[in-house]
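First the structure, in the form of C-alpha cells, and then the observations on it.
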Amino acid sequence: MTPFALSLRQLDAAVAVHREGSISAASAAINLSQPALTHALARLEEQIGHRLFDRHARGTAPTRAGTLFVARAERALAILAEGGRRLRRSARLTPIAHIERSVTMSQVRAFAMVERAGSYAQAARTMGLSQPTVHRAVKELEAVLGIELLIRSGRTALPTERAQRLVGAVRLMASELQAGFDELAALEQAGTGRIVVGALPLPRAGVLPEALALFARDHAAADVMVVEGPYLELIARLRVGDIDFALSDLRDPEPSPDVVQKELFSDVFYIVVRTGHPLAGDTIPPVETLARYPWIVGNVGSPMRTIWEGMFATHRPTRTDCGSILTLRKLLMEGDWLALMSPDVFDIEQKAGLLTTVGGPLPGYLRRIGVTVRADWRPTAAQSALMEALVVAGRRRTSKN
C-alpha cells in the first residue's frame with residue numbers, strides 16, 4: 001500500500017479522535033456524524049492493518065500503533081495545509097480553512113503524478129487510470145484552490161511557478177505517511193524500515209559502506225536505497241522528502257533555511273597521480289611546479305574546487321572540470337594529470353599500484369563530511385539506527401586521520 005491509497009478525510013478523522021479523546025467529541029469537532037466518523041476510522045484501520053484506538057466507557061485511548069501512526073498523519077496533514085496556505089498566499093487569496101477536508105487524496109495524487117511524469121498521458125499510464133480521469137482530478141483540485149497548477153504545452157504538462165509550492169508539500173506529506181507505515185511494520189518485526197540515502201562519491205566510497213555493514217547486523221530486514229547525484233539535486237530531493245538524508249561534504253553557509261547539517265568527521269586530501277608520474281614521491285613540490293601540470297578539478301561551488309582555487313590563487317594551471325569519480329580515476333591513469341582526492345576514493349587503485357600520491361596529506365586543508373536533514377525531520381527507529389551507525393563510522397574515520 002502507498003500513502004496515496006489513504007483518504008485525507010479518514011486521516012483527519014483519526015487525528016480528531018486522538019485529539020478529542022472520544023468519537024462523539026471528534027464528531028462535533030469536525031462536523032461529521034458519529035456513524036460516518038466510525039466508518040472512516042474502521043476503514044483506515046482496515047487499510048493499515050492495525051487498530052488505532054481502544055474504545056472504553058469514557059471515550060477512546062490510542063493503541064501503540066495509534067500513537068505512532070496518528071502522529072505521522074497529523075504531521076502529514078499539517079504539511080499539506082501549510083503548502084495550501086503558501087500557494088493561496090502567493091496569489092493573494094485568503095486561506096482555505098481545513099484544506100484537507102476540501103480536497104481529496106485522489107486529486108493531490110493526480111497532480112503530483114502529472115507533475116513528475118511531465119504529461120497527463122504518462123501519469124495516467126503510471127496510475128492505471130484513463131487520461132480524462134486524471135485530467136478531471138487535477139481540474140477539480142485547481143477549482144478548489146482557485147489557482148492554475150499545470151500548463152499544457154503540446155503533449156507535456158508543466159507546473160506553474162506557484163504550483164511548485166504545492167508539489168513539495170504533497171511529496172513531504174507522502175513521505176511522512178510512509179514513515180508511519182514503516183513504524184507500524186516495525187511493531188510486527190523489529191529492525192524493519194525503509195531508508196533512502198542520497199550520497200556523493202566520497203562518503204559513498206568510504207564511510208557509508210562501513211555504516212551500512214554496522215546497521216545491517218541488527219536491521220537485516222530493512223530496505224536501504226542509496227541514490228547518487230549532484231549535490232544540489234540531492235538537496236532538492238531531500239527538501240521534498242524523496243530522500244531521507246544526504247551524505248556529503250558540508251557547505252558553508254547551509255544550502256537552505258529548512259535543512260540542517262550534522263558533521264560526522266573531517267577528511268584529509270592528497271594530491272593523486274598515476275604511478276610513475278614525474279611528481280610522485282614523498283614531498284609536495286612548490287605551487288609553481290604543481291601548476292606546470294594539468295589538473296582535474298570538481299564542479300564550481302564544491303568544497304574541493306574552492307580548496308583547489310585557494311591553492312592556485314596566483315597561478316592558473318590547465319584544468320578539466322569533472323564531477324565523475326570514475327572518469328577522474330580513469331583520466332589520472334591515462335596521463336600526467338593531478339587531482340585532489342580523499343584516501344577512500346582512490347584506495348583500491350593505490351593498493352593495485354595504479355595510483356599514488358604526491359607527498360602526504362595536503363597541509364592546512366580539511367573537508368567536513370556529514371549528513372544534511374530537513375530541519376523538522378522526525379526519523380523512524382531504523383533511520384535513527386543508520387544515523388547512529390554513521391556517527392560510529394565517522395568516529396573511526398577521525399581516529400584514522
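Within each chain, counting starts at residue 1; across the C-alpha cells, chains are named A, B, ... in the order shown, with ligands numbered 1 upward in that order.
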Under the rule of at most 8 Å, produce a per-residue listing of range 267-327 of chain A near range 363-370 of chain A: chain, number, name, the closest pair of atoms, and the distance in Å, as a tab-separated table, using only C-alpha atoms.
```
residue	atom	partner	partner_atom	distance
A:Asp267	CA	A:Arg367	CA	5.1
A:Val268	CA	A:Leu366	CA	5.1
A:Phe269	CA	A:Leu366	CA	7.0
A:Pro303	CA	A:Arg367	CA	7.2
A:Met304	CA	A:Arg367	CA	7.8
A:Ile307	CA	A:Tyr365	CA	7.4
```
Requested in this report: Compile the contact shell of range 102-115 of chain A as a ChimeraX atom specification: residues with an atom at most 10 Å away, counting only C-alpha atoms, same-chain residues fewer than 4 positions apart removed.
Outcome: /A:3-9,80,96-98,119-124,126-127,129,133-145,149-150,156-160,163-164,166-171,174
Could the residues in this selection be saved with N, CA and C atoms as a short mmCIF file (atom, residue, chain, number, x, y, z; two decimals), in the first residue's frame?
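Listed below is the output, out38.cif:
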```
data_model
loop_
_atom_site.label_atom_id
_atom_site.label_comp_id
_atom_site.auth_asym_id
_atom_site.auth_seq_id
_atom_site.Cartn_x
_atom_site.Cartn_y
_atom_site.Cartn_z
N PRO A 3 1.13 5.65 0.38
CA PRO A 3 0.45 6.73 1.11
C PRO A 3 -0.74 7.30 0.35
N PHE A 4 -0.66 7.34 -0.98
CA PHE A 4 -1.74 7.93 -1.77
C PHE A 4 -2.98 7.05 -1.80
N ALA A 5 -2.89 5.81 -1.28
CA ALA A 5 -4.07 4.94 -1.22
C ALA A 5 -4.98 5.31 -0.06
N LEU A 6 -4.47 6.13 0.85
CA LEU A 6 -5.27 6.52 2.01
C LEU A 6 -6.20 7.68 1.66
N SER A 7 -7.12 7.97 2.56
CA SER A 7 -8.07 9.07 2.38
C SER A 7 -7.73 10.20 3.35
N LEU A 8 -7.71 11.41 2.84
CA LEU A 8 -7.44 12.57 3.69
C LEU A 8 -8.50 12.69 4.78
N ARG A 9 -9.74 12.41 4.44
CA ARG A 9 -10.81 12.55 5.42
C ARG A 9 -10.70 11.50 6.51
N LEU A 80 0.48 19.41 4.30
CA LEU A 80 -0.40 19.71 3.17
C LEU A 80 -1.11 21.05 3.38
N ILE A 96 -7.73 28.66 2.85
CA ILE A 96 -8.86 27.74 2.92
C ILE A 96 -8.78 27.00 4.25
N ALA A 97 -9.77 27.18 5.08
CA ALA A 97 -9.76 26.51 6.38
C ALA A 97 -9.88 25.00 6.18
N HIS A 98 -8.99 24.27 6.84
CA HIS A 98 -9.02 22.80 6.79
C HIS A 98 -9.05 22.30 5.34
N SER A 119 3.43 14.72 -18.17
CA SER A 119 2.30 14.69 -19.11
C SER A 119 1.15 13.93 -18.47
N TYR A 120 -0.06 14.27 -18.91
CA TYR A 120 -1.24 13.56 -18.42
C TYR A 120 -1.24 12.11 -18.90
N ALA A 121 -0.79 11.91 -20.13
CA ALA A 121 -0.81 10.56 -20.70
C ALA A 121 0.09 9.62 -19.92
N GLN A 122 1.33 10.06 -19.62
CA GLN A 122 2.26 9.20 -18.89
C GLN A 122 1.79 8.99 -17.45
N ALA A 123 1.25 10.02 -16.83
CA ALA A 123 0.73 9.88 -15.47
C ALA A 123 -0.42 8.89 -15.43
N ALA A 124 -1.30 8.96 -16.41
CA ALA A 124 -2.44 8.04 -16.47
C ALA A 124 -1.97 6.60 -16.60
N THR A 126 0.91 5.38 -15.61
CA THR A 126 1.54 5.01 -14.34
C THR A 126 0.50 4.68 -13.28
N MET A 127 -0.58 5.45 -13.25
CA MET A 127 -1.62 5.27 -12.24
C MET A 127 -2.62 4.18 -12.60
N LEU A 129 -5.05 4.59 -14.80
CA LEU A 129 -6.34 5.26 -14.98
C LEU A 129 -6.42 5.83 -16.39
N THR A 133 -9.76 10.85 -16.63
CA THR A 133 -9.95 10.76 -15.18
C THR A 133 -8.88 11.56 -14.45
N VAL A 134 -7.64 11.42 -14.91
CA VAL A 134 -6.54 12.15 -14.28
C VAL A 134 -6.70 13.65 -14.52
N HIS A 135 -7.05 14.00 -15.74
CA HIS A 135 -7.23 15.42 -16.08
C HIS A 135 -8.34 16.05 -15.23
N ARG A 136 -9.44 15.31 -15.07
CA ARG A 136 -10.55 15.82 -14.29
C ARG A 136 -10.15 16.02 -12.82
N ALA A 137 -9.37 15.10 -12.27
CA ALA A 137 -8.95 15.22 -10.87
C ALA A 137 -8.10 16.48 -10.66
N VAL A 138 -7.20 16.74 -11.59
CA VAL A 138 -6.36 17.94 -11.48
C VAL A 138 -7.21 19.20 -11.58
N LYS A 139 -8.16 19.22 -12.52
CA LYS A 139 -9.01 20.39 -12.69
C LYS A 139 -9.88 20.63 -11.46
N GLU A 140 -10.33 19.55 -10.83
CA GLU A 140 -11.11 19.69 -9.60
C GLU A 140 -10.25 20.30 -8.49
N LEU A 141 -9.00 19.88 -8.41
CA LEU A 141 -8.10 20.44 -7.41
C LEU A 141 -7.86 21.92 -7.68
N GLU A 142 -7.64 22.27 -8.93
CA GLU A 142 -7.45 23.68 -9.28
C GLU A 142 -8.68 24.51 -8.94
N ALA A 143 -9.88 23.94 -9.13
CA ALA A 143 -11.11 24.66 -8.84
C ALA A 143 -11.24 24.95 -7.34
N VAL A 144 -10.87 23.98 -6.53
CA VAL A 144 -10.94 24.18 -5.08
C VAL A 144 -9.93 25.23 -4.63
N LEU A 145 -8.71 25.14 -5.17
CA LEU A 145 -7.65 26.05 -4.75
C LEU A 145 -7.78 27.42 -5.38
N LEU A 149 -2.61 25.14 -11.77
CA LEU A 149 -1.44 24.41 -11.31
C LEU A 149 -0.56 23.90 -12.44
N LEU A 150 -1.17 23.44 -13.51
CA LEU A 150 -0.43 22.86 -14.62
C LEU A 150 -0.80 23.56 -15.93
N THR A 156 3.04 17.88 -23.26
CA THR A 156 3.60 17.99 -21.92
C THR A 156 2.69 18.83 -21.02
N ALA A 157 2.88 18.66 -19.73
CA ALA A 157 2.16 19.46 -18.73
C ALA A 157 3.17 19.95 -17.72
N LEU A 158 3.34 21.25 -17.63
CA LEU A 158 4.35 21.84 -16.76
C LEU A 158 3.70 22.56 -15.59
N PRO A 159 4.28 22.43 -14.39
CA PRO A 159 3.72 23.13 -13.24
C PRO A 159 3.99 24.63 -13.33
N THR A 160 3.05 25.42 -12.88
CA THR A 160 3.27 26.85 -12.80
C THR A 160 4.26 27.13 -11.69
N ALA A 163 2.69 26.57 -8.43
CA ALA A 163 2.39 25.16 -8.14
C ALA A 163 3.56 24.45 -7.49
N GLN A 164 4.78 24.96 -7.71
CA GLN A 164 5.94 24.32 -7.10
C GLN A 164 5.83 24.30 -5.58
N LEU A 166 3.20 23.73 -3.91
CA LEU A 166 2.33 22.63 -3.51
C LEU A 166 2.97 21.27 -3.78
N VAL A 167 3.78 21.18 -4.83
CA VAL A 167 4.42 19.91 -5.18
C VAL A 167 5.24 19.39 -4.01
N GLY A 168 6.07 20.26 -3.45
CA GLY A 168 6.91 19.83 -2.33
C GLY A 168 6.10 19.40 -1.14
N ALA A 169 5.00 20.09 -0.86
CA ALA A 169 4.15 19.74 0.27
C ALA A 169 3.52 18.36 0.08
N VAL A 170 3.07 18.06 -1.13
CA VAL A 170 2.44 16.77 -1.41
C VAL A 170 3.45 15.64 -1.23
N ARG A 171 4.65 15.84 -1.73
CA ARG A 171 5.67 14.79 -1.59
C ARG A 171 6.09 14.61 -0.14
N ALA A 174 3.44 12.63 1.65
CA ALA A 174 3.55 11.20 1.34
C ALA A 174 4.72 10.57 2.09
#
```
Query raised in the report: Nearest to Val371 in chain A among A:Cys322, A:Leu264, A:Ala57, A:Ala28, with distances taken over only C-alpha atoms: which residue is it?
Result: A:Leu264
Query raised in the report: So which residues of range 275-388 of chain A fall under strand (DSSP E or B) by DSSP, listed as a PyMOL selection string?
Result: chain A and resi 281+295-297+319-321+338-341+355-358+367-374
Report task. Could you jot down the CA of Ala280 in chain A to CA of Arg397 in chain A separation for me, Å, one decimal place? Result ->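 Those two atoms sit 25.2 Å apart.
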Query raised in the report: Counting only C-alpha atoms, which of A:Leu232, A:Val391, A:Ala76, A:Leu279 gets nearest to Gln178 in chain A?
Result: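 Looking at the shortest contact to Gln178 in chain A, the residue is A:Ala76.
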Kindly provide the residues of range 264-314 of chain A that approach range 325-335 of chain A to within 10 Å, each paired with its closest atom pair and their distance in Å to one decimal, based on only C-alpha atoms, listed by chain and increasing number, as JSON lines.
```
{"residue": "A:Val272", "atom": "CA", "partner": "A:Leu332", "partner_atom": "CA", "distance": 8.0}
{"residue": "A:Val273", "atom": "CA", "partner": "A:Leu332", "partner_atom": "CA", "distance": 6.0}
{"residue": "A:Arg274", "atom": "CA", "partner": "A:Met333", "partner_atom": "CA", "distance": 5.0}
{"residue": "A:Thr275", "atom": "CA", "partner": "A:Met333", "partner_atom": "CA", "distance": 7.9}
{"residue": "A:Gly276", "atom": "CA", "partner": "A:Met333", "partner_atom": "CA", "distance": 9.9}
{"residue": "A:His277", "atom": "CA", "partner": "A:Gly335", "partner_atom": "CA", "distance": 8.3}
{"residue": "A:Pro294", "atom": "CA", "partner": "A:Gly335", "partner_atom": "CA", "distance": 9.2}
{"residue": "A:Trp295", "atom": "CA", "partner": "A:Leu332", "partner_atom": "CA", "distance": 9.1}
{"residue": "A:Ile296", "atom": "CA", "partner": "A:Leu328", "partner_atom": "CA", "distance": 6.9}
{"residue": "A:Val297", "atom": "CA", "partner": "A:Leu328", "partner_atom": "CA", "distance": 8.7}
{"residue": "A:Gly298", "atom": "CA", "partner": "A:Ile325", "partner_atom": "CA", "distance": 9.5}
```
Requested in this report: Report the residues of range 273-329 of chain A whose backbone DSSP state falls under alpha helix (DSSP H), written as a list of chain:residue names.
Outcome: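 So the alpha helix (DSSP H) residues in range 273-329 of chain A would be A:Val287, A:Glu288, A:Thr289, A:Leu290, A:Pro303, A:Met304, A:Arg305, A:Thr306, A:Ile307, A:Trp308, A:Glu309, A:Gly310, A:Met311, A:Ile325, A:Leu326, A:Thr327, A:Leu328, A:Arg329.
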Keeping N, CA, C and O atoms, export the residues of the selection given above as a tab-separated table (two decimals), in the first residue's frame.
```
chain	number	residue	atom	x	y	z
A	287	VAL	N	54.13	25.33	-5.40
A	287	VAL	CA	52.95	25.57	-6.22
A	287	VAL	C	53.36	25.81	-7.68
A	287	VAL	O	52.66	25.38	-8.61
A	288	GLU	N	54.51	26.49	-7.89
A	288	GLU	CA	54.95	26.76	-9.25
A	288	GLU	C	55.15	25.47	-10.04
A	288	GLU	O	54.81	25.38	-11.23
A	289	THR	N	55.64	24.45	-9.36
A	289	THR	CA	55.86	23.16	-10.02
A	289	THR	C	54.54	22.46	-10.28
A	289	THR	O	54.30	21.90	-11.35
A	290	LEU	N	53.64	22.48	-9.29
A	290	LEU	CA	52.33	21.84	-9.44
A	290	LEU	C	51.54	22.48	-10.59
A	290	LEU	O	50.77	21.80	-11.28
A	303	PRO	N	33.33	22.16	-2.21
A	303	PRO	CA	34.44	22.47	-1.30
A	303	PRO	C	35.80	22.13	-1.89
A	303	PRO	O	36.76	22.88	-1.71
A	304	MET	N	35.91	21.00	-2.61
A	304	MET	CA	37.19	20.63	-3.19
A	304	MET	C	37.63	21.65	-4.23
A	304	MET	O	38.82	21.99	-4.31
A	305	ARG	N	36.69	22.13	-5.03
A	305	ARG	CA	37.02	23.15	-6.03
A	305	ARG	C	37.50	24.43	-5.35
A	305	ARG	O	38.45	25.08	-5.79
A	306	THR	N	36.85	24.80	-4.25
A	306	THR	CA	37.24	26.00	-3.51
A	306	THR	C	38.66	25.88	-2.98
A	306	THR	O	39.45	26.84	-3.03
A	307	ILE	N	38.99	24.69	-2.46
A	307	ILE	CA	40.34	24.45	-1.94
A	307	ILE	C	41.36	24.56	-3.08
A	307	ILE	O	42.42	25.18	-2.94
A	308	TRP	N	41.05	23.96	-4.21
A	308	TRP	CA	41.96	24.00	-5.36
A	308	TRP	C	42.18	25.44	-5.82
A	308	TRP	O	43.32	25.84	-6.10
A	309	GLU	N	41.11	26.22	-5.87
A	309	GLU	CA	41.25	27.61	-6.28
A	309	GLU	C	42.09	28.41	-5.30
A	309	GLU	O	42.84	29.31	-5.68
A	310	GLY	N	41.98	28.04	-4.00
A	310	GLY	CA	42.81	28.71	-3.00
A	310	GLY	C	44.29	28.36	-3.15
A	310	GLY	O	45.17	29.21	-2.92
A	311	MET	N	44.57	27.13	-3.55
A	311	MET	CA	45.96	26.71	-3.77
A	311	MET	C	46.60	27.49	-4.91
A	311	MET	O	47.79	27.82	-4.87
A	325	ILE	N	33.69	10.59	-10.44
A	325	ILE	CA	34.86	9.95	-9.85
A	325	ILE	C	35.42	8.88	-10.79
A	325	ILE	O	36.64	8.72	-10.93
A	326	LEU	N	34.55	8.13	-11.45
A	326	LEU	CA	35.01	7.09	-12.37
A	326	LEU	C	35.84	7.69	-13.51
A	326	LEU	O	36.90	7.18	-13.86
A	327	THR	N	35.33	8.78	-14.09
A	327	THR	CA	36.07	9.45	-15.16
A	327	THR	C	37.37	10.02	-14.65
A	327	THR	O	38.42	9.93	-15.31
A	328	LEU	N	37.36	10.60	-13.47
A	328	LEU	CA	38.55	11.19	-12.87
A	328	LEU	C	39.65	10.15	-12.70
A	328	LEU	O	40.80	10.36	-13.10
A	329	ARG	N	39.30	9.01	-12.12
A	329	ARG	CA	40.32	7.98	-11.87
A	329	ARG	C	40.90	7.45	-13.17
A	329	ARG	O	42.10	7.21	-13.29
```
**Report entry** Selection: 12 Å around Glu20 in chain A, only C-alpha atoms, excl. self and same-chain fewer than 4 positions, as number ranges by chain
**Finding:** A: 13-16, 24-30, 58-62
Requested in this report: Please provide the set of residues having any atom within 12 Å of Ala222 in chain A, restricted to only C-alpha atoms, with same-chain residues fewer than 6 positions apart removed, written as JSON, numbers by chain.
Outcome: {"A": [182, 183, 185, 186, 189, 190, 191, 192, 193, 194, 195, 196, 212, 215, 216, 380, 381, 382, 383, 385, 386]}
**Report entry** Neighbour list for range 53-55 of chain A as a list in words, cut-off 10 Å, only C-alpha atoms, skip fewer than 6 positions in-chain
**Finding:**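 After dropping sequence-adjacent residues, the list is Ala14, Val17, His18, Gly21, Ser22, Ile23, Leu41, Glu45, Ala61, Pro62, Thr63, Arg64, Ala65, Gly66 and Thr67 of chain A.
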Query - Atomic distance CA of Thr94 in chain A - CA of Ala236 in chain A, expressed in Å with one decimal - result: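 We find that CA of Thr94 in chain A and CA of Ala236 in chain A lie 28.5 Å from each other.
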